$ cat model03.tsv   # TSV, C-alpha atoms and all ligand atoms
chain	number	residue	atom	x	y	z
B	1097	MET	CA	-105.32	78.92	-55.92
B	1098	ILE	CA	-102.00	80.54	-56.75
B	1099	ASP	CA	-102.21	83.64	-58.99
B	1100	ASN	CA	-105.75	82.69	-59.98
B	1101	LYS	CA	-104.64	79.26	-61.13
B	1102	LYS	CA	-105.74	75.99	-59.61
B	1103	VAL	CA	-102.95	73.91	-58.09
B	1104	LEU	CA	-101.69	70.57	-59.38
B	1105	PHE	CA	-99.38	68.22	-57.45
B	1106	SER	CA	-97.90	64.91	-58.46
B	1107	GLY	CA	-94.81	62.85	-57.81
B	1108	MET	CA	-92.87	59.81	-58.84
B	1109	GLN	CA	-90.42	57.52	-57.12
B	1110	ALA	CA	-86.88	57.35	-58.39
B	1111	THR	CA	-86.48	53.71	-57.49
B	1112	GLY	CA	-86.20	51.02	-60.13
B	1113	ASN	CA	-86.26	51.66	-63.81
B	1114	LEU	CA	-89.07	53.91	-65.00
B	1115	THR	CA	-91.48	52.20	-67.38
B	1116	LEU	CA	-93.76	53.10	-70.24
B	1117	GLY	CA	-96.57	52.79	-67.64
B	1118	ASN	CA	-95.11	55.69	-65.65
B	1119	TYR	CA	-94.85	57.72	-68.83
B	1120	LEU	CA	-98.30	57.06	-70.29
B	1121	GLY	CA	-100.12	56.89	-66.95
B	1122	ALA	CA	-98.58	59.99	-65.41
B	1123	LEU	CA	-95.76	61.98	-67.01
B	1124	LYS	CA	-97.47	62.47	-70.37
B	1125	ASN	CA	-100.57	63.92	-68.67
B	1126	TRP	CA	-98.44	66.14	-66.45
B	1127	VAL	CA	-97.07	67.83	-69.54
B	1128	LYS	CA	-100.54	68.22	-71.05
B	1129	LEU	CA	-101.92	69.83	-67.89
B	1130	SER	CA	-98.95	72.01	-67.08
B	1131	ASP	CA	-100.17	75.19	-68.78
B	1132	GLU	CA	-103.57	75.14	-67.17
B	1133	TYR	CA	-102.43	74.72	-63.54
B	1134	GLU	CA	-99.86	75.99	-61.08
B	1135	CYS	CA	-97.84	72.78	-60.91
B	1136	PHE	CA	-95.66	71.08	-58.30
B	1137	TYR	CA	-93.85	67.97	-59.54
B	1138	SER	CA	-91.79	66.27	-56.92
B	1139	VAL	CA	-89.15	63.57	-57.03
B	1140	VAL	CA	-90.52	61.83	-53.95
B	1141	ASP	CA	-87.28	60.58	-52.44
B	1142	LEU	CA	-88.62	60.39	-48.88
B	1143	HIS	CA	-91.04	57.72	-50.07
B	1144	SER	CA	-88.27	55.66	-51.64
B	1145	ILE	CA	-86.42	54.81	-48.46
B	1146	THR	CA	-89.28	52.60	-47.28
B	1147	VAL	CA	-87.26	50.09	-49.31
B	1148	ARG	CA	-83.45	49.88	-48.79
B	1149	GLN	CA	-81.47	51.95	-51.30
B	1150	ASP	CA	-77.81	52.09	-52.15
B	1151	PRO	CA	-77.04	55.77	-51.35
B	1152	ALA	CA	-74.84	56.58	-54.36
B	1153	GLU	CA	-77.11	54.82	-56.80
B	1154	PHE	CA	-80.19	56.38	-55.25
B	1155	ARG	CA	-78.75	59.91	-55.53
B	1156	GLN	CA	-78.08	59.35	-59.22
B	1157	LYS	CA	-81.51	57.87	-59.87
B	1158	ALA	CA	-83.21	60.82	-58.23
B	1159	LYS	CA	-81.18	63.20	-60.39
B	1160	ASN	CA	-82.05	61.16	-63.50
B	1161	LEU	CA	-85.72	61.41	-62.63
B	1162	LEU	CA	-85.60	65.16	-62.08
B	1163	ALA	CA	-83.94	65.55	-65.48
B	1164	LEU	CA	-86.54	63.25	-67.01
B	1165	TYR	CA	-89.36	65.55	-65.88
B	1166	ILE	CA	-87.68	68.33	-67.86
B	1167	ALA	CA	-86.86	66.10	-70.84
B	1168	ALA	CA	-90.52	65.06	-71.03
B	1169	GLY	CA	-91.44	68.69	-71.62
B	1170	LEU	CA	-92.06	70.26	-68.19
B	1171	ASP	CA	-90.58	73.75	-68.21
B	1172	PRO	CA	-88.79	74.16	-64.86
B	1173	GLU	CA	-89.26	77.94	-65.01
B	1174	LYS	CA	-93.03	77.49	-64.96
B	1175	ASN	CA	-93.38	74.22	-63.05
B	1176	CYS	CA	-91.97	73.66	-59.60
B	1177	ILE	CA	-89.75	70.60	-60.06
B	1178	TYR	CA	-87.97	69.64	-56.85
B	1179	TYR	CA	-86.74	66.92	-54.49
B	1180	GLN	CA	-89.25	66.17	-51.74
B	1181	SER	CA	-86.44	65.84	-49.17
B	1182	HIS	CA	-85.47	69.50	-49.76
B	1183	VAL	CA	-88.77	70.73	-48.35
B	1184	SER	CA	-89.13	70.00	-44.65
B	1185	GLY	CA	-92.89	70.57	-44.60
B	1186	HIS	CA	-93.62	67.17	-46.15
B	1187	ALA	CA	-92.30	65.26	-43.15
B	1188	GLU	CA	-93.70	67.78	-40.63
B	1189	LEU	CA	-97.23	67.73	-42.02
B	1190	SER	CA	-97.04	63.97	-42.36
B	1191	TRP	CA	-96.59	63.61	-38.60
B	1192	ILE	CA	-99.57	65.82	-37.86
B	1193	LEU	CA	-101.76	63.99	-40.38
B	1194	SER	CA	-100.71	60.61	-38.98
B	1195	CYS	CA	-102.55	61.64	-35.83
B	1196	PHE	CA	-105.69	61.96	-37.98
B	1197	THR	CA	-105.34	58.61	-39.75
B	1198	TYR	CA	-106.57	55.28	-38.42
B	1199	MET	CA	-104.54	52.07	-38.37
B	1200	GLY	CA	-107.52	50.30	-39.96
B	1201	GLU	CA	-107.40	52.65	-42.93
B	1202	LEU	CA	-103.68	52.03	-43.50
B	1203	ASN	CA	-104.17	48.27	-43.07
B	1204	ARG	CA	-106.54	48.25	-46.03
B	1205	MET	CA	-104.07	49.80	-48.49
B	1206	THR	CA	-103.31	47.31	-51.26
B	1207	GLN	CA	-99.88	48.81	-52.00
B	1208	PHE	CA	-98.88	48.17	-48.38
B	1209	LYS	CA	-100.06	44.56	-48.64
B	1210	ASP	CA	-98.20	44.05	-51.94
B	1211	LYS	CA	-94.98	45.66	-50.75
B	1212	SER	CA	-94.95	43.83	-47.42
B	1213	ALA	CA	-95.31	40.57	-49.31
B	1214	LYS	CA	-92.40	41.54	-51.59
B	1215	HIS	CA	-90.16	42.80	-48.78
B	1216	ALA	CA	-91.13	40.40	-46.00
B	1217	ASP	CA	-87.75	40.91	-44.29
B	1218	ASN	CA	-88.28	44.69	-43.97
B	1219	ILE	CA	-91.89	45.57	-43.16
B	1220	ASN	CA	-91.04	48.90	-41.55
B	1221	ALA	CA	-93.33	51.55	-40.09
B	1222	GLY	CA	-92.54	53.85	-43.02
B	1223	LEU	CA	-94.02	51.35	-45.44
B	1224	PHE	CA	-97.17	51.36	-43.32
B	1225	THR	CA	-97.49	55.15	-42.99
B	1226	TYR	CA	-96.42	55.81	-46.60
B	1227	PRO	CA	-99.97	56.92	-47.62
B	1228	VAL	CA	-99.96	59.57	-44.88
B	1229	LEU	CA	-96.80	61.09	-46.33
B	1230	MET	CA	-98.47	61.04	-49.72
B	1231	ALA	CA	-101.48	62.86	-48.24
B	1232	ALA	CA	-99.09	65.44	-46.78
B	1233	ASP	CA	-97.43	65.93	-50.18
B	1234	ILE	CA	-100.75	66.73	-51.75
B	1235	LEU	CA	-102.42	68.75	-48.98
B	1236	LEU	CA	-99.31	70.85	-48.31
B	1237	TYR	CA	-99.89	72.84	-51.52
B	1238	GLN	CA	-103.70	73.15	-51.27
B	1239	THR	CA	-103.82	70.95	-54.34
B	1240	ASP	CA	-106.92	70.87	-56.54
B	1241	VAL	CA	-105.90	68.11	-58.92
B	1242	VAL	CA	-103.57	65.09	-58.79
B	1243	PRO	CA	-102.79	63.34	-62.10
B	1244	VAL	CA	-101.95	59.69	-61.42
B	1245	GLY	CA	-102.41	56.18	-62.79
B	1246	ILE	CA	-105.23	53.99	-61.50
B	1247	ASP	CA	-102.98	52.21	-58.99
B	1248	GLN	CA	-102.74	55.41	-56.88
B	1249	LEU	CA	-106.49	56.03	-56.60
B	1250	GLN	CA	-106.85	54.27	-53.26
B	1251	HIS	CA	-104.16	56.53	-51.74
B	1252	LEU	CA	-105.92	59.56	-53.14
B	1253	GLU	CA	-109.24	58.51	-51.65
B	1254	LEU	CA	-107.52	58.22	-48.26
B	1255	THR	CA	-105.99	61.68	-48.74
B	1256	ARG	CA	-109.46	63.10	-49.26
B	1257	ASP	CA	-110.78	61.32	-46.15
B	1258	ILE	CA	-107.91	62.64	-44.00
B	1259	ALA	CA	-108.43	66.19	-45.32
B	1260	GLN	CA	-112.16	66.07	-44.69
B	1261	ARG	CA	-111.62	64.70	-41.19
B	1262	PHE	CA	-109.16	67.48	-40.37
B	1263	ASN	CA	-111.44	70.13	-41.88
B	1264	SER	CA	-114.43	68.87	-39.90
B	1265	VAL	CA	-112.51	69.58	-36.69
B	1266	TYR	CA	-110.70	72.84	-37.58
B	1267	GLY	CA	-112.68	74.45	-40.41
B	1268	ASP	CA	-111.72	74.75	-44.07
B	1269	VAL	CA	-107.96	74.30	-43.78
B	1270	PHE	CA	-107.31	71.96	-46.71
B	1271	THR	CA	-108.51	72.01	-50.30
B	1272	ILE	CA	-110.04	68.63	-51.10
B	1273	PRO	CA	-108.08	67.26	-54.08
B	1274	GLU	CA	-109.54	65.47	-57.11
B	1275	PRO	CA	-107.72	62.74	-59.02
B	1276	PHE	CA	-107.04	63.18	-62.74
B	1277	ILE	CA	-106.96	59.89	-64.62
B	1278	GLY	CA	-106.13	59.95	-68.34
B	1279	LYS	CA	-108.68	58.45	-70.76
B	1280	THR	CA	-106.07	56.00	-72.04
B	1281	GLY	CA	-102.87	54.69	-70.51
B	1282	ALA	CA	-104.02	54.88	-66.87
B	1283	LYS	CA	-103.24	51.21	-66.32
B	1284	ILE	CA	-100.64	49.74	-68.65
B	1285	MET	CA	-100.25	46.02	-68.13
B	1286	SER	CA	-97.23	43.69	-68.26
B	1287	LEU	CA	-96.30	42.54	-71.78
B	1288	GLN	CA	-95.72	39.02	-70.45
B	1289	ASP	CA	-98.74	38.71	-68.15
B	1290	PRO	CA	-101.54	41.13	-69.07
B	1291	SER	CA	-103.37	40.43	-65.80
B	1292	LYS	CA	-100.54	42.25	-63.94
B	1293	LYS	CA	-99.63	45.96	-63.96
B	1294	MET	CA	-96.46	46.90	-65.87
B	1295	SER	CA	-94.06	47.56	-63.03
B	1296	LYS	CA	-90.54	48.88	-62.44
B	1297	SER	CA	-89.78	45.96	-60.18
B	1298	ASP	CA	-90.89	43.10	-62.43
B	1299	GLU	CA	-88.27	40.36	-62.43
B	1300	ASN	CA	-88.83	39.56	-66.08
B	1301	PRO	CA	-87.23	42.37	-68.14
B	1302	ASN	CA	-89.43	41.46	-71.13
B	1303	ALA	CA	-92.55	42.35	-69.13
B	1304	SER	CA	-91.82	46.09	-69.08
B	1305	ILE	CA	-90.68	48.71	-71.56
B	1306	TYR	CA	-88.16	50.87	-69.72
B	1307	LEU	CA	-87.82	54.50	-70.69
B	1308	THR	CA	-84.12	53.83	-71.21
B	1309	ASP	CA	-84.64	50.92	-73.65
B	1310	ASP	CA	-83.18	51.39	-77.13
B	1311	ARG	CA	-85.17	50.96	-80.34
B	1312	ASP	CA	-84.20	47.34	-80.99
B	1313	THR	CA	-84.98	46.29	-77.45
B	1314	ILE	CA	-88.38	48.00	-77.56
B	1315	ILE	CA	-89.33	46.35	-80.84
B	1316	ARG	CA	-88.07	42.96	-79.66
B	1317	LYS	CA	-90.08	43.20	-76.40
B	1318	PHE	CA	-93.27	44.07	-78.29
B	1319	LYS	CA	-92.67	41.18	-80.72
B	1320	ARG	CA	-92.53	38.85	-77.72
B	1321	ALA	CA	-95.60	40.34	-76.04
B	1322	VAL	CA	-98.15	37.74	-74.98
B	1323	THR	CA	-101.32	37.82	-77.12
B	1324	ASP	CA	-103.84	35.04	-77.93
B	1325	SER	CA	-104.94	32.79	-80.77
B	1326	MET	CA	-108.00	34.79	-81.81
B	1327	ALA	CA	-106.16	36.52	-84.66
B	1328	GLN	CA	-108.07	39.80	-84.44
B	1329	VAL	CA	-106.97	43.24	-83.22
B	1330	LYS	CA	-109.91	43.99	-80.93
B	1331	HIS	CA	-110.22	45.68	-77.55
B	1332	ASN	CA	-112.25	43.41	-75.27
B	1333	GLU	CA	-112.08	41.41	-72.05
B	1334	GLU	CA	-111.30	38.09	-73.74
B	1335	GLN	CA	-108.14	39.54	-75.29
B	1336	PRO	CA	-106.25	41.24	-72.45
B	1337	GLY	CA	-102.84	41.10	-74.17
B	1338	VAL	CA	-104.04	42.58	-77.46
B	1339	SER	CA	-106.21	45.11	-75.58
B	1340	ASN	CA	-103.17	46.29	-73.65
B	1341	LEU	CA	-101.26	46.81	-76.91
B	1342	ILE	CA	-104.22	48.75	-78.33
B	1343	GLU	CA	-104.29	50.86	-75.17
B	1344	ILE	CA	-100.56	51.63	-75.55
B	1345	TYR	CA	-100.91	52.46	-79.25
B	1346	SER	CA	-103.95	54.62	-78.60
B	1347	ALA	CA	-102.26	56.51	-75.72
B	1348	CYS	CA	-99.21	57.14	-77.93
B	1349	THR	CA	-101.03	58.24	-81.08
B	1350	GLY	CA	-104.23	59.78	-79.68
B	1351	LYS	CA	-106.27	57.43	-81.94
B	1352	SER	CA	-109.48	55.91	-80.53
B	1353	PHE	CA	-109.73	52.15	-79.93
B	1354	GLU	CA	-112.18	51.88	-82.86
B	1355	ASP	CA	-109.76	53.62	-85.21
B	1356	VAL	CA	-106.94	51.33	-84.13
B	1357	GLU	CA	-109.16	48.28	-84.68
B	1358	LYS	CA	-110.01	49.56	-88.18
B	1359	GLU	CA	-106.37	50.32	-89.00
B	1360	PHE	CA	-105.35	46.72	-88.26
B	1361	ASP	CA	-108.48	44.99	-89.53
B	1362	GLY	CA	-107.43	41.86	-91.41
B	1363	LYS	CA	-103.76	42.30	-90.49
B	1364	GLY	CA	-101.75	39.82	-88.41
B	1365	TYR	CA	-100.43	40.31	-84.87
B	1366	GLY	CA	-96.89	40.54	-86.30
B	1367	ASP	CA	-97.69	43.75	-88.21
B	1368	PHE	CA	-99.62	45.17	-85.29
B	1369	LYS	CA	-96.88	44.51	-82.73
B	1370	LEU	CA	-94.27	46.02	-85.02
B	1371	ALA	CA	-96.36	49.17	-85.45
B	1372	VAL	CA	-96.80	49.53	-81.66
B	1373	GLY	CA	-93.07	48.95	-81.10
B	1374	GLU	CA	-92.05	51.52	-83.70
B	1375	THR	CA	-94.49	54.11	-82.38
B	1376	VAL	CA	-93.21	53.73	-78.83
B	1377	ALA	CA	-89.58	53.81	-79.99
B	1378	ASP	CA	-90.28	57.02	-81.97
B	1379	ILE	CA	-91.62	58.68	-78.83
B	1380	LEU	CA	-88.87	57.51	-76.49
B	1381	ALA	CA	-85.85	58.28	-78.73
B	1382	PRO	CA	-86.12	62.11	-78.56
B	1383	LEU	CA	-86.94	61.89	-74.84
B	1384	GLN	CA	-83.76	59.91	-74.24
B	1385	SER	CA	-81.55	62.30	-76.18
B	1386	ARG	CA	-82.98	65.40	-74.43
B	1387	HIS	CA	-82.50	63.60	-71.13
B	1388	ALA	CA	-78.82	62.91	-71.86
B	1389	ASP	CA	-78.25	66.59	-72.80
B	1390	ILE	CA	-79.91	67.92	-69.65
B	1391	LEU	CA	-77.91	65.61	-67.40
B	1392	LYS	CA	-74.67	66.96	-68.86
B	1393	ASP	CA	-75.49	70.51	-67.74
B	1394	LYS	CA	-74.78	70.39	-64.01
B	1395	ALA	CA	-74.97	74.15	-63.43
B	1396	TYR	CA	-78.38	74.34	-65.11
B	1397	LEU	CA	-79.75	71.47	-63.03
B	1398	ASP	CA	-78.31	72.85	-59.79
B	1399	GLY	CA	-80.00	76.20	-60.44
B	1400	ILE	CA	-83.37	74.54	-60.97
B	1401	VAL	CA	-83.01	72.41	-57.86
B	1402	LYS	CA	-82.16	75.43	-55.72
B	1403	ASN	CA	-84.80	77.84	-57.03
B	1404	ASN	CA	-87.63	75.37	-57.08
B	1405	ALA	CA	-86.91	74.03	-53.59
B	1406	GLU	CA	-87.18	77.62	-52.34
B	1407	LYS	CA	-90.44	78.11	-54.18
B	1408	ALA	CA	-91.90	74.86	-52.82
B	1409	GLN	CA	-90.71	75.70	-49.32
B	1410	TYR	CA	-92.41	79.10	-49.52
B	1411	PHE	CA	-95.83	77.74	-50.55
B	1412	SER	CA	-95.69	74.71	-48.27
B	1413	ASN	CA	-94.86	76.91	-45.27
B	1414	LYS	CA	-98.09	78.82	-45.72
B	1415	THR	CA	-100.16	75.67	-45.23
B	1416	LEU	CA	-97.90	74.28	-42.53
B	1417	ARG	CA	-98.09	77.43	-40.40
B	1418	LYS	CA	-101.86	77.47	-40.71
B	1419	VAL	CA	-102.10	73.82	-39.66
B	1420	GLN	CA	-99.70	74.28	-36.73
B	1421	LYS	CA	-101.78	77.19	-35.49
B	1422	LYS	CA	-105.06	75.31	-35.88
B	1423	VAL	CA	-103.88	72.31	-33.85
B	1424	GLY	CA	-102.68	74.67	-31.10
B	1425	PHE	CA	-98.88	74.78	-31.30
B	1426	ASN	CA	-97.35	77.97	-29.89
B	1427	GLU	CA	-96.15	80.33	-32.58
B	1428	LYS	CA	-92.41	80.56	-33.22
B	1429	ILE	CA	-90.84	83.89	-32.28
B	1430	ARG	CA	-89.30	85.12	-35.56
W	1	LIG	P1	-94.94	55.53	-58.68
W	1	LIG	O1	-93.58	56.12	-58.60
W	1	LIG	O2	-95.10	54.06	-58.43
W	1	LIG	O3	-95.56	55.82	-60.10
W	1	LIG	C1	-95.55	57.11	-60.66
W	1	LIG	C2	-96.82	57.32	-61.49
W	1	LIG	O4	-96.90	56.37	-62.55
W	1	LIG	C3	-98.18	55.74	-62.51
W	1	LIG	N1	-98.03	54.34	-62.96
W	1	LIG	C4	-98.73	53.79	-63.95
W	1	LIG	N2	-99.69	54.28	-64.77
W	1	LIG	C5	-100.20	53.46	-65.70
W	1	LIG	N3	-99.81	52.16	-65.87
W	1	LIG	C6	-98.85	51.63	-65.09
W	1	LIG	N4	-98.47	50.36	-65.26
W	1	LIG	C7	-98.27	52.45	-64.07
W	1	LIG	N5	-97.31	52.24	-63.13
W	1	LIG	C8	-97.18	53.41	-62.46
W	1	LIG	C9	-98.62	55.81	-61.05
W	1	LIG	O5	-100.02	55.70	-60.92
W	1	LIG	C10	-98.10	57.18	-60.66
W	1	LIG	O6	-99.02	58.19	-61.03
W	1	LIG	N6	-97.02	56.83	-54.36
W	1	LIG	C11	-96.68	57.30	-55.67
W	1	LIG	C12	-95.80	58.54	-55.68
W	1	LIG	C13	-96.34	59.69	-54.91
W	1	LIG	C14	-97.38	60.57	-55.31
W	1	LIG	C15	-97.51	61.52	-54.26
W	1	LIG	C16	-98.19	60.63	-56.45
W	1	LIG	C17	-95.89	60.11	-53.69
W	1	LIG	N7	-96.60	61.22	-53.28
W	1	LIG	C18	-98.48	62.52	-54.33
W	1	LIG	C19	-99.15	61.66	-56.50
W	1	LIG	C20	-99.28	62.59	-55.44
W	1	LIG	C21	-95.93	56.21	-56.40
W	1	LIG	O7	-95.31	55.37	-55.80
W	1	LIG	O8	-95.94	56.34	-57.75
$ encode --input "model03.tsv" --output "structure tokens"
Amino acid sequence: MIDNKKVLFSGMQATGNLTLGNYLGALKNWVKLSDEYECFYSVVDLHSITVRQDPAEFRQKAKNLLALYIAAGLDPEKNCIYYQSHVSGHAELSWILSCFTYMGELNRMTQFKDKSAKHADNINAGLFTYPVLMAADILLYQTDVVPVGIDQLQHLELTRDIAQRFNSVYGDVFTIPEPFIGKTGAKIMSLQDPSKKMSKSDENPNASIYLTDDRDTIIRKFKRAVTDSMAQVKHNEEQPGVSNLIEIYSACTGKSFEDVEKEFDGKGYGDFKLAVGETVADILAPLQSRHADILKDKAYLDGIVKNNAEKAQYFSNKTLRKVQKKVGFNEKIR
């Protein structure tokens, strides 16, 4: 609790090109929840170097992401928006927690398996211990709730296990966090292969809608989206492509699946795809223009980065000191 408000933490990686999945699965919910909670939204740059980055490009991408949080509607005066690498507690707590995490647990993580397959030439220890750093991110702020897409649930479960294990030895040190998964949009699938998650790193650019795509590109990609030959707009297991489009339309408009089915009853896939494309383009256009404006204002962004890093450092230190004391480190002389 901070000022009688429950705490929310979430983060996103600045690598690759952010997709509609990131927006509907995470960012959109962050904005919705931001009044109710004391929020920490981090650009998790420490996580990103598990894969090689070009330094100049990476710096710019991280800045773009920070500005995107604001463009999406997160007020940086009320929400703590900061770079993870500016707050030393993440790495420090991560080390301590790694001594409370088993190799077997990390071996079971599907993201580790996927990423090691993709980057077979660079299966580094950071890639393996990535979920411990994620646990540190969350536990550092005594987080109550973590809004994420479905793909992050396994990491969150591990975070809870690590926290409970630590608490069972040292008493109630950590708040046990709960995931928050949106009713729609929690797992947006590829437009070209609806059995696969929409992903920043997909090699086929038509598979993902990027948040930077212009209107024509968005509409063209939806027109090309893989559907089926059943000629009915229905949400069901036999129609994964169409169901994914319904999911996207529903997450964007707030309409229920049944209402979407009714709206397009008797209409062809062409009309339906166009409507989804236009709806998405209408949402992304103002986001893109706000984003461009924010990025132009260097002094404004610098101020936010400085103030919020200090705020995050202050709250994270409280937990870190407590943990250091509990495990038996000698206190620093201040
Ligand atoms: P990342 O950067 O891969 O994704 C950021 C958020 O977007 C969600 N997401 C999706 N949601 C729906 N459909 C999709 N196709 C889709 N693709 C991505 C993710 O679930 C996530 O919520 N490990 C995390 C970052 C992280 C973090 C944390 C998150 C680091 N520390 C602490 C929460 C709390 C990651 O790589 O997310």
$ closest_residue --input "model03.tsv" --among "B:Ile1379, B:Val1372, B:Leu1142, B:Leu1254" --to "Ser1184 in chain B" --atoms "all atoms listed in the file"
B:Leu1142
$ residues_around --input "model03.tsv" --residues "range 1120-1125 of chain B" --least-positions-apart "4" --cutoff "9 Å" --atoms "only C-alpha atoms" --output "compact mmCIF listing (two decimals) with C-alpha atoms, in the coordinates of the input"
# COMPACT_ATOMS: atom_id res chain seq x y z
CA SER B 1106 -97.90 64.91 -58.46
CA GLY B 1107 -94.81 62.85 -57.81
CA MET B 1108 -92.87 59.81 -58.84
CA THR B 1115 -91.48 52.20 -67.38
CA LEU B 1116 -93.76 53.10 -70.24
CA LEU B 1129 -101.92 69.83 -67.89
CA SER B 1130 -98.95 72.01 -67.08
CA TYR B 1165 -89.36 65.55 -65.88
CA ALA B 1168 -90.52 65.06 -71.03
CA GLY B 1169 -91.44 68.69 -71.62
CA PRO B 1243 -102.79 63.34 -62.10
CA VAL B 1244 -101.95 59.69 -61.42
CA GLY B 1245 -102.41 56.18 -62.79
CA ILE B 1246 -105.23 53.99 -61.50
CA PHE B 1276 -107.04 63.18 -62.74
CA ILE B 1277 -106.96 59.89 -64.62
CA GLY B 1278 -106.13 59.95 -68.34
CA THR B 1280 -106.07 56.00 -72.04
CA GLY B 1281 -102.87 54.69 -70.51
CA ALA B 1282 -104.02 54.88 -66.87
CA LYS B 1283 -103.24 51.21 -66.32
CA ILE B 1284 -100.64 49.74 -68.65
CA ILE B 1344 -100.56 51.63 -75.55
CA ALA B 1347 -102.26 56.51 -75.72
CA CYS B 1348 -99.21 57.14 -77.93
$ closest_residue --input "model03.tsv" --among "B:Glu1132, B:Glu1333, B:Glu1374, B:Asp1310" --to "Lys1174 in chain B" --atoms "all atoms listed in the file"
B:Glu1132
$ axis_aligned_box --input "model03.tsv" --around "ligand LIG 1 (chain W)" --padding-each-side "4 Å" --output "AutoDock Vina command-line options"
--center_x -96.9 --center_y 56.5 --center_z -59.6 --size_x 14.6 --size_y 20.2 --size_z 20.6
$ closest_residue --input "model03.tsv" --among "B:Asp1240, B:Asp1217, B:Asp1324, B:Asp1247" --to "ligand LIG 1 (chain W)" --atoms "all atoms listed in the file"
B:Asp1247
$ closest_residue --input "model03.tsv" --among "B:His1182, B:His1215, B:Lys1279, B:Lys1421" --to "ligand LIG 1 (chain W)" --atoms "all atoms listed in the file"
B:Lys1279
